[in-house]
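See structure below.
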Amino acid sequence: MNIVVLVKQVPDSGSERKLDPADNTVARASADNVINEMDEYAIEEALTIKEAQGGEVTVLTVGPDSATDAIRKALSMGADKAVHVVDDAIHGSCAVQTSAVIAAALQQMEYDLVLCGAEATDAQLSVMPALVAERLGIPQLSGARKVTIEGGAAKVERQTDGGFWALEAPLPAIISTWDTINEPRYPSFKGIMAAKKKPVETKSLADLGVDAGSVGLATATSKVLDFAGRPPKGEGVKVTDEGDGASKFVDYLASQKIV
Amino acid sequence: MAEVLVLAELDPAGGGVRKTTLEALTAARALGEPSAVVLGAPGTASGVRDQLAEYGAATVYVAESEDVDAYLVAPKAEVLAQLVSEKSPAAVVIPSSPEGKEIAARLAIKTGSGFLTDVTEIASDGTATQVAFAGATIVHSQVTVGTPIYTLRGNSVTPEPAPAAGTEQSVAVSISDAAKQVRVVERVVEQKSNRPELTEASIVVSGGRGVASAENFSIIEGLADSLGAAVGASRAAVDSGFYPHSFQVGQTGKTVSPNLYVAVGISGAIQHRAGMQTSKTIVAINKDPEAPIFELADFGVIGDLNTVVPAATEQINARK
């Protein structure tokens, strides 16, 4: 079973994140960059499947040089090797363009299964499985809270509002994992040491046969015109409960015509 | 006037279309004359045409086929792509559910277009408003290639009736084998609730770690029921096993934008703020006066939720 896990480096969702006023793209240089936390569930799921069925787990990352840190994290968890697509021309690409790069990279790899997280915590689009599946003509099983790989097919429980849908498709397929699917492992010391020696293959757009003019900010399918911080909220009213907290709360609701 | 295609999101419980569809029809009017698209199993459209017409659908395209329902996402994108190529609409507006975003993504590739997700407003020149980074940044964006595709975040637009003809037009459906790879074997409902759906509720009452136990969440449910609200939970509460994950509000859960959000026993970590910061009115109840949630709150009560919440519930019920 050859499994490819899509991993993205993102600004830490727990720290302040910004857009870069120079070109309205995510400010990555000034950010505290980490592996997208949602991808750890996909890595864990890939490792679990590999441990049960054998095979190899390859990390695929599209991102700047600094994204190596996210790749090393994935390798230290137990992934076997990585492909890192780096090219200055990719900067500012929209999701549609990025999916073309990922699809081109996947076409040069051998895979039975592609796994990714439910969303990247920076852009929060949750569309990469749909985009990649559309480009490669492979099945898209997204939002999985449970994955079973058996007899050349994937069975997935897709999380929905108040329940799930049972999905089934032949391999190869792309699956995105919900954050209830497992508990991602912490890298062991041994894992961290081993990760330093694992192979990371770097590829450019030319290596993938992707025209540099078809990606990047200039030809993106959507653009950010401007951005601004949310206007600060006016100072709210704060009361300390001295037996009257509930009635003050209800009076407030009444003043807002809610009750 | 230019035609704008609006994909109808059907109520899975069977009662017509979801409110998100009426919101999408309302938002689409900024760009032109909306036409609704109903995709589903045979018989789907009969119960929803009048509602779509009332909210401005001049035409209701009906594409009914067992295949649309039997396979995930891809068939719907295929039918919409066929309509886009036949009708050359000015734009496509889709309610922003997980499925809606995935349909938009596939449609973008099929039609060589750009798409914008979770928009909260669409201006007449096609500029969309989005909120980024846990609601801290407001962005204006435009699609620059092809037919603009938007997914509209729930509760961002107030649905307004604008009666139109709602002329039904049937669309011949023939789904390719490529779009029939992922079979939906079963749709399972685990939680049947009389409460409104979290993402479309106008009031949400959420509990956090401070609620302290699964049993104690009945306090949250009681207040929610007195207000006709949906129940939410913070990640800390979900991780502690107090409440099911499908009710989680936050970065890795649902994003809600109700008229009133009541945060009970929630400290207000950035994880949580990401999911509720755009709520119109925020009330916080927390015993810690330093809890960051108070920075967001229009009204805050510093106190023990175990006394304040039941007392408030009782008073609200008494007012009915």
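A note on labels: chains of the structure tokens are A, B, ... as shown, every chain counts residues from 1, and ligands are counted from 1 in their shown order.
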Run DSSP on the backbone and give me the residues of range 157-294 of chain B it puts in helix (DSSP H, G or I), as a ChimeraX atom specification.
-> /B:177-179,198-200,209-211,217-227,235-239,245-247,270-276,293-294
Could you write out that same residue set with N, CA and C atoms as a short mmCIF file (atom, residue, chain, number, x, y, z; two decimals), in the first residue's frame?
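Listing of part_10.cif after writing:
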data_model
loop_
_atom_site.label_atom_id
_atom_site.label_comp_id
_atom_site.auth_asym_id
_atom_site.auth_seq_id
_atom_site.Cartn_x
_atom_site.Cartn_y
_atom_site.Cartn_z
N ASP B 177 -19.72 8.04 -15.99
CA ASP B 177 -19.19 7.02 -15.09
C ASP B 177 -18.14 7.62 -14.15
N ALA B 178 -17.39 8.62 -14.66
CA ALA B 178 -16.34 9.24 -13.86
C ALA B 178 -16.90 9.89 -12.59
N ALA B 179 -18.15 10.34 -12.67
CA ALA B 179 -18.76 11.01 -11.52
C ALA B 179 -19.48 10.01 -10.61
N LEU B 198 -27.12 23.91 14.19
CA LEU B 198 -26.13 24.83 14.76
C LEU B 198 -25.76 25.98 13.82
N THR B 199 -25.44 25.66 12.56
CA THR B 199 -24.93 26.70 11.67
C THR B 199 -26.01 27.64 11.18
N GLU B 200 -27.29 27.28 11.32
CA GLU B 200 -28.31 28.21 10.86
C GLU B 200 -29.19 28.76 11.98
N ARG B 209 -15.34 24.09 29.08
CA ARG B 209 -14.75 23.26 30.13
C ARG B 209 -15.38 23.55 31.49
N GLY B 210 -15.79 24.81 31.70
CA GLY B 210 -16.38 25.21 32.97
C GLY B 210 -17.67 24.48 33.31
N VAL B 211 -18.29 23.87 32.31
CA VAL B 211 -19.53 23.13 32.58
C VAL B 211 -19.22 21.89 33.43
N PHE B 217 -24.19 19.36 31.26
CA PHE B 217 -24.55 20.06 30.02
C PHE B 217 -26.06 20.27 29.92
N SER B 218 -26.82 19.57 30.79
CA SER B 218 -28.27 19.78 30.80
C SER B 218 -28.59 21.24 31.15
N ILE B 219 -27.70 21.88 31.90
CA ILE B 219 -27.88 23.31 32.21
C ILE B 219 -27.85 24.14 30.93
N ILE B 220 -26.88 23.80 30.06
CA ILE B 220 -26.73 24.51 28.78
C ILE B 220 -27.95 24.24 27.90
N GLU B 221 -28.36 22.96 27.88
CA GLU B 221 -29.52 22.60 27.05
C GLU B 221 -30.79 23.29 27.54
N GLY B 222 -30.89 23.44 28.84
CA GLY B 222 -32.07 24.10 29.41
C GLY B 222 -32.17 25.55 28.97
N LEU B 223 -31.03 26.26 29.06
CA LEU B 223 -31.03 27.66 28.63
C LEU B 223 -31.31 27.74 27.12
N ALA B 224 -30.69 26.84 26.36
CA ALA B 224 -30.89 26.83 24.91
C ALA B 224 -32.37 26.64 24.58
N ASP B 225 -33.01 25.70 25.26
CA ASP B 225 -34.41 25.42 24.96
C ASP B 225 -35.31 26.59 25.35
N SER B 226 -34.95 27.30 26.42
CA SER B 226 -35.77 28.45 26.82
C SER B 226 -35.70 29.56 25.76
N LEU B 227 -34.59 29.59 25.01
CA LEU B 227 -34.39 30.63 23.99
C LEU B 227 -34.66 30.11 22.57
N ARG B 235 -14.02 23.25 22.11
CA ARG B 235 -13.17 22.08 21.90
C ARG B 235 -12.79 21.42 23.22
N ALA B 236 -12.54 22.26 24.23
CA ALA B 236 -12.17 21.72 25.54
C ALA B 236 -13.28 20.83 26.08
N ALA B 237 -14.53 21.27 25.90
CA ALA B 237 -15.67 20.48 26.38
C ALA B 237 -15.80 19.18 25.58
N VAL B 238 -15.56 19.28 24.27
CA VAL B 238 -15.67 18.09 23.42
C VAL B 238 -14.54 17.11 23.74
N ASP B 239 -13.32 17.64 23.86
CA ASP B 239 -12.18 16.79 24.17
C ASP B 239 -12.33 16.11 25.53
N HIS B 245 -18.74 15.72 19.25
CA HIS B 245 -17.92 16.56 18.38
C HIS B 245 -18.73 17.33 17.35
N SER B 246 -19.86 16.76 16.91
CA SER B 246 -20.61 17.43 15.85
C SER B 246 -21.20 18.76 16.32
N PHE B 247 -21.09 19.06 17.60
CA PHE B 247 -21.57 20.33 18.12
C PHE B 247 -20.43 21.30 18.42
N ILE B 270 -8.31 31.19 21.18
CA ILE B 270 -8.42 31.59 19.77
C ILE B 270 -9.08 30.49 18.95
N GLN B 271 -8.84 29.23 19.35
CA GLN B 271 -9.50 28.08 18.74
C GLN B 271 -11.01 28.28 18.69
N HIS B 272 -11.56 28.72 19.79
CA HIS B 272 -13.01 28.89 19.88
C HIS B 272 -13.47 30.16 19.17
N ARG B 273 -12.70 31.23 19.36
CA ARG B 273 -13.09 32.52 18.76
C ARG B 273 -13.22 32.40 17.25
N ALA B 274 -12.40 31.54 16.65
CA ALA B 274 -12.44 31.36 15.20
C ALA B 274 -13.83 30.96 14.73
N GLY B 275 -14.58 30.29 15.60
CA GLY B 275 -15.86 29.77 15.17
C GLY B 275 -17.05 30.63 15.51
N MET B 276 -16.85 31.72 16.29
CA MET B 276 -18.04 32.47 16.74
C MET B 276 -17.86 33.98 16.78
N ILE B 293 -12.72 35.69 26.78
CA ILE B 293 -14.04 35.75 26.13
C ILE B 293 -14.72 37.10 26.43
N PHE B 294 -14.42 37.69 27.59
CA PHE B 294 -15.05 38.97 27.94
C PHE B 294 -14.63 40.10 27.01
#
Which residues of chain A sit at most 7 Å from chain B, using only C-alpha atoms? Give each one's shortest atom pair and distance in Å (one decimal place), in chain and ascending residue order, as a tab-separated table.
residue	atom	partner	partner_atom	distance
A:Gly14	CA	B:Ile270	CA	6.2
A:Arg17	CA	B:Phe133	CA	6.4
A:Asp122	CA	B:Phe133	CA	6.6
A:Leu125	CA	B:Thr117	CA	6.6
A:Val127	CA	B:Glu102	CA	5.5
A:Ala130	CA	B:Glu102	CA	5.5
A:Leu131	CA	B:Ala105	CA	5.8
A:Glu134	CA	B:Arg106	CA	5.9
A:Gly137	CA	B:Ala178	CA	6.7
A:Pro139	CA	B:Gln181	CA	5.6
A:Gln140	CA	B:Val182	CA	6.9
A:Asp161	CA	B:Ser246	CA	6.4
A:Gly162	CA	B:Gln191	CA	5.1
A:Gly163	CA	B:Val189	CA	4.5
A:Phe164	CA	B:Val188	CA	5.3
A:Trp165	CA	B:Arg187	CA	4.4
A:Ala166	CA	B:Glu186	CA	5.1
A:Leu167	CA	B:Val184	CA	4.7
A:Glu168	CA	B:Arg183	CA	5.3
A:Ala169	CA	B:Val182	CA	4.8
A:Thr221	CA	B:Gly114	CA	4.4
A:Ser222	CA	B:Val143	CA	4.0
A:Lys223	CA	B:Gln142	CA	5.5
A:Val224	CA	B:Ser141	CA	4.3
A:Leu225	CA	B:Ser141	CA	5.3
A:Asp226	CA	B:His140	CA	5.4
A:Phe227	CA	B:Val139	CA	4.3
A:Ala228	CA	B:Ile138	CA	5.4
A:Gly229	CA	B:Thr137	CA	4.5
A:Arg230	CA	B:Ala136	CA	5.4
A:Gly236	CA	B:Asp298	CA	4.1
A:Val237	CA	B:Phe299	CA	4.8
A:Lys238	CA	B:Gly300	CA	4.5
A:Val239	CA	B:Val301	CA	5.0
A:Thr240	CA	B:Ile302	CA	4.6
A:Asp241	CA	B:Gly303	CA	5.0
A:Gly245	CA	B:Val308	CA	6.1
A:Ala246	CA	B:Ala312	CA	4.6
A:Ser247	CA	B:Ala312	CA	6.4
A:Val250	CA	B:Ala312	CA	6.3
A:Val259	CA	B:Ile316	CA	6.9
Please return as a ChimeraX atom specification: the residues of range 216-285 of chain B that backbone DSSP assigns to strand (DSSP E).
-> /B:230-233,260-264,281-285
Next, write the just-selected residues to a file, as an mmCIF file, in the first residue's frame, keeping C-alpha atoms as the atom set.
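Here's the written file again.cif:
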data_model
loop_
_atom_site.group_PDB
_atom_site.id
_atom_site.type_symbol
_atom_site.label_atom_id
_atom_site.label_comp_id
_atom_site.auth_asym_id
_atom_site.auth_seq_id
_atom_site.Cartn_x
_atom_site.Cartn_y
_atom_site.Cartn_z
ATOM 1 C CA ALA B 230 -29.009 25.496 19.204
ATOM 2 C CA VAL B 231 -26.462 23.983 21.591
ATOM 3 C CA GLY B 232 -22.740 24.277 20.913
ATOM 4 C CA ALA B 233 -19.598 23.233 22.744
ATOM 5 C CA LEU B 260 -26.976 35.972 19.755
ATOM 6 C CA TYR B 261 -24.145 33.768 20.986
ATOM 7 C CA VAL B 262 -24.068 32.852 24.669
ATOM 8 C CA ALA B 263 -20.715 31.442 25.817
ATOM 9 C CA VAL B 264 -21.020 29.654 29.147
ATOM 10 C CA THR B 281 -24.306 39.884 19.890
ATOM 11 C CA ILE B 282 -22.110 37.932 22.300
ATOM 12 C CA VAL B 283 -22.889 37.230 25.937
ATOM 13 C CA ALA B 284 -20.373 35.518 28.206
ATOM 14 C CA ILE B 285 -20.935 33.869 31.557
#
Would you tabulate, counting only C-alpha atoms, all residues of range 80-166 of chain A that have an atom at most 9 Å from an atom of range 195-199 of chain A, showing the closest pair of atoms and their distance in Å to one decimal, sorted by chain then ascending number, as a Markdown table?
| residue | atom | partner | partner_atom | distance |
| --- | --- | --- | --- | --- |
| A:Asp80 | CA | A:Lys198 | CA | 6.6 |
| A:Lys81 | CA | A:Pro199 | CA | 5.2 |
| A:Ala82 | CA | A:Pro199 | CA | 6.4 |
| A:Val83 | CA | A:Pro199 | CA | 8.5 |
Please write the residues from the selection above to a file, keeping N, CA and C atoms, as an mmCIF file, in the first residue's frame.
data_model
loop_
_atom_site.group_PDB
_atom_site.id
_atom_site.type_symbol
_atom_site.label_atom_id
_atom_site.label_comp_id
_atom_site.auth_asym_id
_atom_site.auth_seq_id
_atom_site.Cartn_x
_atom_site.Cartn_y
_atom_site.Cartn_z
ATOM 1 N N ASP A 80 7.939 7.738 5.699
ATOM 2 C CA ASP A 80 9.194 7.174 5.212
ATOM 3 C C ASP A 80 10.032 8.150 4.402
ATOM 4 N N LYS A 81 9.381 8.958 3.577
ATOM 5 C CA LYS A 81 10.130 9.884 2.728
ATOM 6 C C LYS A 81 9.217 11.025 2.323
ATOM 7 N N ALA A 82 9.786 11.991 1.591
ATOM 8 C CA ALA A 82 8.993 13.163 1.236
ATOM 9 C C ALA A 82 9.355 13.694 -0.137
ATOM 10 N N VAL A 83 8.367 14.340 -0.753
ATOM 11 C CA VAL A 83 8.588 15.111 -1.973
ATOM 12 C C VAL A 83 8.192 16.550 -1.638
#
Quick one: distance from CA of Val249 in chain B to CA of Ala201 in chain B in Å, one decimal?
-> 12.8 Å
